[in-house]
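Report on one structure; see the data block that follows.
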Amino acid sequence: MIVMNDRLPGYAGQILRVDLDSHRCTKSRTRPEVAKKYLGGKGLGTYLLTSECVPLTNPLDPGSRFIIATGPATGTSLPTASRYGVFFKSPLTGIYAESYSGGKVAPHIRWAGYDAIIVQGRAAKPVYLLVDADRVELRRADHLWGRETYETEDVIKEECGSPEFEVACIGPAGERLVAFSCLVNDYWRCAGRSGAGAVMGSKNLKAIAVRGDRNNINIADEERLRALSRELVKRLRNDRLTAEVFPKFGTPVMVNINNLAGAFPTRYWHEAHYDEYEMINAERLREKILVRSKACWGCPIACGKYCEVKDGKYAGVKVEGPEYETIYAFGGLCQINSIEAIAKLNDFCDRQGIDTITAGNVVAFAIEAFERGKLRPEFKLSYSDPDSALRLLGIICRREGVGRLLAGGVRSASKAMNLEDLAIHVKGLEPPGYDPRALKGMALSYGTSTRGACHLRSSIYAAELGGSMNPLSTDTEKVRLVKEWEDKFTIMDSLILCRFARNAYDWNILAELTTLLTGIEYTDRMLASIAEDIVNLTRTFNVREGISRKDDYLPKRLMTEPIPSGPSRGALVEKSSFDQMLDEYYRLRRWDPDGRPIARAETKPIE
Ligand code: SF4
């Protein structure tokens with residue numbers, strides 16, 4: 001049955017604009033032509049950001065925009081439809097940024113009636129935004145300023161008078177504009193990468209609290225969508241990855257896989273395997289600290305691992321995690337060989353509201369700088385020392401001493417210390433835990449991902465590590481696959497669906513469910529074309545900021561220093577083959593040889 005009413009099927013139908021300069025909140029209709037062209041989530045968020053954010057705006061100026069978006073799938077019966085995305089210009093990289101988080105916040109934003117929330121300006125004093133369906137208020141948050149994230153969430157829920165409210169907030173690091181601070185909800189779910197916390201902090205916006213009514217949802221064909229959702233849950237339960245691997249081990253399963261492949265970055269990217277990996281892998285996590293698996297709203301996979309440290313100096317730590325990326329960043333890069341200590345570092349980062357990937361990279365970089373006599377904190381820094389790592393992160397989050405220098409991330413610290421040749425980042429974003437010298441698809445992905453070194457735009461590592469593709473090949477088929485996966489994930493991030501469910505959501509299913517949600521007949525080819533437009537729009541944003549081919553290369557060390565030992569010994573990102581991959585990628589994307597989209601997507605401002 002197709003339901004048509006005055007609201008746009010498949011959408012909440014409204015965009016909320018919060019002007020913190022004037023303390024005014026206004027609503028506008030989601031424009032059907034924009035929804036059709038950009039779907040929602042990433043597409044809508046990127047469209048709004050590109051339309052509204054004046055090129056070369058300082059990300060921390062009041063004029064910058066902070067956009068939170070849901071997608072047509074959010075809060076529906078579809079499995080894993082529990083994520084929101086944030087879109088902004090990054091204070092860490094100075095370019096386009098996107099980041100996503102699960103938990104329970106996103107469905108409430110949709111049920112409250114909003115496809116996106118645009119935040120602009122700067123409040124004179126700290127505030128938080130309360131959205132209770134139609135009722136929208138800015139509330140004072142002086143009493144919350146300085147508080148950690150868990151406490152902030154608790155206090156706001158209490159003030160709202162109902163546990164039904166969901167809260168996304170920043171911690172003290174975001175307030176102090178640490179460039180890799182993040183947005184945290186459900187205590188441990190984070191929109192982690194690129195500095196969303198600092199952008200909110202610069203606007204004096206401590207948190208967003210939201211409550212919606214789950215009956216307030218408008219879907220073109222709800223009955224058939226429910227039937228499809230049941231079918232998709234069956235698919236997820238029949239797939240080994242989502243039925244066994246993620247529920248049992250979560251993302252830490254990648255420790256063994258990457259280490260075996262010689263792709264586990266270790267000792268600040270000097271090595272690609274870690275002899276003591278069994279102290280920090282998924283089996284160790286299960287044996288020592290796991291309490292139970294945990295799921296985001298509407299997810300049958302439950303990849304989250306709720307853990308408690310029961311004994312030793314970190315006894316009492318409770319955290320959902322550590323995820324693989326946190327284990328790599330502190331375990332591999334900083335060589336911290338204790339899953340309990342990594343859980344403690346994870347807990348610290350979540351409380352302060354900082355991204356664990358960049359945090360681990362910054363600590364390891366600081367250790368190297370310390371060893372070279374370029375950084376002189378009041379205490380000794382060394383590998384395998386969780387307590388000095390914690391102390392260092394403490395002064396970074398408080399911006400004290402050398403912490404002030406490191407609060408801008410690896411790129412800015414390396415410039416200040418004249419250690420740019422040592423620094424590992426792409427476009428200012430520190431990489432996740434896949435050594436691109438051993439995984440050439442990831443090399444291309446790091447180079448071309450719009451937000452900088454990122455594992456989530458194409459996630460080609462799954463094919464490279466899964467045995468279906470030679471990890472060292474740089475052939476055109478691999479480039480084609482990087483682009484195709486990036487396109488598919490662009491659609492999943494626009495709808496928004498969790499990419500861990502990627503095996504269930506093939507192109508035909510994505511087209512079918514988008515049709516059922518919106519009532520518009522979509523085909524897989526139409527979706528692929530929409531994905532291309534969205535990717536081009538993200539690149540257009542960056543081109544406006546001065547990004548071109550020169551910025552798509554990997555850091556010097558990864559292109560000149562072969563992996564010295566282990567399973568991938570000798571592997572390197574060679575410039576000639578990397579250039580060939582770039583050329584092919586640009587050709588497939590219809591970008592010119594300098595990496596500029598030839599057909600630029602339309603970016604008229606929304607009324
Ligand atoms: S697979 Fe994991 S991250 Fe994805 S929705 Fe489920 S619990 Fe959340």
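The way I read the labels, and the way they are meant: chains A, B, ... in the order of the structure tokens, residue 1 as the first residue of every chain, and ligand 1 as the first ligand shown, with later ones counted on from there.
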Closest-contact table, chain A side, partner ligand 1, 8 Å, counting only C-alpha atoms and all ligand atoms, as CSV:
residue,atom,partner,partner_atom_place_in_ligand_line,distance
A:Pro79,CA,ligand 1,5 (S),7.8
A:Thr80,CA,ligand 1,5 (S),4.3
A:Ala81,CA,ligand 1,5 (S),7.0
A:Ser82,CA,ligand 1,5 (S),6.1
A:Arg83,CA,ligand 1,5 (S),7.3
A:Ser101,CA,ligand 1,3 (S),7.9
A:Gly102,CA,ligand 1,8 (Fe),5.4
A:Gly103,CA,ligand 1,8 (Fe),6.5
A:Thr242,CA,ligand 1,1 (S),7.6
A:Phe246,CA,ligand 1,1 (S),7.4
A:Gly250,CA,ligand 1,2 (Fe),7.8
A:Lys294,CA,ligand 1,7 (S),6.4
A:Ala295,CA,ligand 1,7 (S),3.8
A:Cys296,CA,ligand 1,8 (Fe),4.2
A:Trp297,CA,ligand 1,5 (S),7.1
A:Gly298,CA,ligand 1,5 (S),7.4
A:Cys299,CA,ligand 1,6 (Fe),4.6
A:Pro300,CA,ligand 1,6 (Fe),6.6
A:Ile301,CA,ligand 1,6 (Fe),5.0
A:Ala302,CA,ligand 1,7 (S),4.1
A:Cys303,CA,ligand 1,2 (Fe),4.0
A:Gly304,CA,ligand 1,7 (S),5.3
A:Leu497,CA,ligand 1,5 (S),7.6
A:Cys498,CA,ligand 1,4 (Fe),4.7
A:Arg499,CA,ligand 1,4 (Fe),6.8
A:Phe500,CA,ligand 1,1 (S),5.1
A:Ala501,CA,ligand 1,1 (S),6.5
Include N, CA and C atoms and write out the residues we just selected as a CSV table (one decimal), in the first residue's frame.
chain,number,residue,atom,x,y,z
A,79,PRO,N,17.2,-3.3,9.4
A,79,PRO,CA,18.3,-3.6,10.4
A,79,PRO,C,19.5,-2.6,10.2
A,80,THR,N,20.0,-2.2,11.3
A,80,THR,CA,21.2,-1.3,11.5
A,80,THR,C,20.9,0.2,11.0
A,81,ALA,N,19.6,0.6,11.0
A,81,ALA,CA,19.3,1.9,10.6
A,81,ALA,C,19.3,2.9,11.8
A,82,SER,N,20.4,2.9,12.5
A,82,SER,CA,20.5,3.6,13.8
A,82,SER,C,21.6,4.7,13.8
A,83,ARG,N,22.0,5.1,12.7
A,83,ARG,CA,23.2,6.0,12.7
A,83,ARG,C,22.8,7.4,12.2
A,101,SER,N,27.8,8.1,13.9
A,101,SER,CA,27.8,7.4,15.2
A,101,SER,C,26.5,6.6,15.3
A,102,GLY,N,26.6,5.4,16.0
A,102,GLY,CA,25.4,4.6,16.2
A,102,GLY,C,24.7,4.9,17.5
A,103,GLY,N,24.2,3.9,18.2
A,103,GLY,CA,23.5,4.1,19.4
A,103,GLY,C,22.0,4.3,19.2
A,242,THR,N,28.3,-11.6,10.0
A,242,THR,CA,27.4,-10.9,10.9
A,242,THR,C,26.7,-11.8,11.9
A,246,PHE,N,31.3,-11.0,14.0
A,246,PHE,CA,31.1,-9.7,14.8
A,246,PHE,C,30.4,-9.9,16.1
A,250,GLY,N,33.6,-9.0,17.7
A,250,GLY,CA,33.5,-7.5,17.4
A,250,GLY,C,34.7,-7.2,16.5
A,294,LYS,N,26.9,-5.9,22.8
A,294,LYS,CA,25.9,-4.8,22.9
A,294,LYS,C,25.6,-4.3,21.5
A,295,ALA,N,24.4,-3.9,21.3
A,295,ALA,CA,23.9,-3.5,19.9
A,295,ALA,C,23.4,-2.1,19.9
A,296,CYS,N,23.6,-1.4,18.8
A,296,CYS,CA,22.9,-0.1,18.5
A,296,CYS,C,21.4,-0.4,18.4
A,297,TRP,N,20.6,0.6,18.4
A,297,TRP,CA,19.1,0.4,18.2
A,297,TRP,C,18.9,-0.3,16.9
A,298,GLY,N,18.0,-1.3,16.9
A,298,GLY,CA,17.5,-1.9,15.7
A,298,GLY,C,18.6,-2.8,15.0
A,299,CYS,N,19.6,-3.3,15.7
A,299,CYS,CA,20.7,-4.0,15.1
A,299,CYS,C,20.7,-5.5,15.6
A,300,PRO,N,20.6,-6.4,14.7
A,300,PRO,CA,20.7,-7.8,15.1
A,300,PRO,C,22.1,-8.4,15.2
A,301,ILE,N,23.1,-7.5,14.9
A,301,ILE,CA,24.5,-8.0,14.8
A,301,ILE,C,25.1,-7.9,16.2
A,302,ALA,N,25.0,-6.8,16.8
A,302,ALA,CA,25.6,-6.6,18.2
A,302,ALA,C,27.1,-6.7,18.1
A,303,CYS,N,27.8,-5.9,17.4
A,303,CYS,CA,29.2,-5.9,17.3
A,303,CYS,C,29.9,-5.3,18.5
A,304,GLY,N,29.2,-4.5,19.3
A,304,GLY,CA,29.8,-3.8,20.4
A,304,GLY,C,30.1,-4.8,21.5
A,497,LEU,N,22.8,3.4,6.7
A,497,LEU,CA,22.8,2.0,7.2
A,497,LEU,C,24.3,1.7,7.6
A,498,CYS,N,24.4,0.8,8.6
A,498,CYS,CA,25.7,0.5,9.1
A,498,CYS,C,26.4,-0.4,8.1
A,499,ARG,N,27.7,0.0,7.8
A,499,ARG,CA,28.4,-0.7,6.7
A,499,ARG,C,28.8,-2.1,7.2
A,500,PHE,N,28.7,-2.4,8.4
A,500,PHE,CA,29.0,-3.8,8.8
A,500,PHE,C,27.9,-4.8,8.3
A,501,ALA,N,26.8,-4.2,7.9
A,501,ALA,CA,25.7,-5.1,7.3
A,501,ALA,C,25.8,-5.1,5.8
Output as an MDAnalysis selection string all residues of region 207-397 of chain A that backbone DSSP marks as alpha helix (DSSP H). chainID A and resid 222:238 240 246:249 254:261 282:288 324:326 339:352 356:371 386:397
Can you check which residues of region 87-264 of chain A DSSP gives as strand (DSSP E or B) on the backbone and send them as a ChimeraX atom specification? /A:87-89,96-101,116-120,127-132,135-140,166-169,181,183-185,189-191,205-211
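When only C-alpha atoms are used to measure the gap to Val363 (chain A), the shortest distance among A:Arg267, A:His455, A:Lys248, A:Arg214 belongs to A:Arg267.
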Of the residues A:Gly40, A:Pro377, A:Gly519, A:Gly428, which is the one nearest to Ser414 (chain A), using only C-alpha atoms?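 The answer is A:Gly428, which sits nearest to Ser414 (chain A).
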For Leu138 (chain A), work out the shell of residues within 9 Å, counting only C-alpha atoms and skipping chain neighbours fewer than 4 positions away, then give it as a PyMOL selection string. chain A and resi 18+20+23-25+127-131
Write the selection just made, keeping N, CA and C atoms, as a compact mmCIF listing (two decimals), in the first residue's frame?
# COMPACT_ATOMS: atom_id res chain seq x y z
N VAL A 18 19.38 26.10 13.63
CA VAL A 18 19.62 26.65 14.96
C VAL A 18 20.66 27.75 14.81
N LEU A 20 22.75 30.22 16.68
CA LEU A 20 23.18 30.47 18.06
C LEU A 20 23.49 31.94 18.30
N HIS A 23 19.89 33.07 18.91
CA HIS A 23 19.10 32.14 19.71
C HIS A 23 17.77 31.80 19.05
N ARG A 24 17.75 31.77 17.73
CA ARG A 24 16.49 31.46 17.04
C ARG A 24 16.58 30.09 16.39
N CYS A 25 15.50 29.34 16.53
CA CYS A 25 15.42 28.02 15.88
C CYS A 25 14.27 28.08 14.88
N VAL A 127 25.36 26.51 25.85
CA VAL A 127 23.95 26.08 25.78
C VAL A 127 23.91 24.62 25.35
N TYR A 128 22.73 24.01 25.57
CA TYR A 128 22.46 22.77 24.86
C TYR A 128 21.12 22.87 24.16
N LEU A 129 20.99 22.10 23.10
CA LEU A 129 19.78 22.14 22.28
C LEU A 129 18.85 21.02 22.72
N LEU A 130 17.63 21.37 23.03
CA LEU A 130 16.64 20.36 23.37
C LEU A 130 15.60 20.27 22.25
N VAL A 131 15.44 19.09 21.71
CA VAL A 131 14.46 18.87 20.65
C VAL A 131 13.49 17.80 21.14
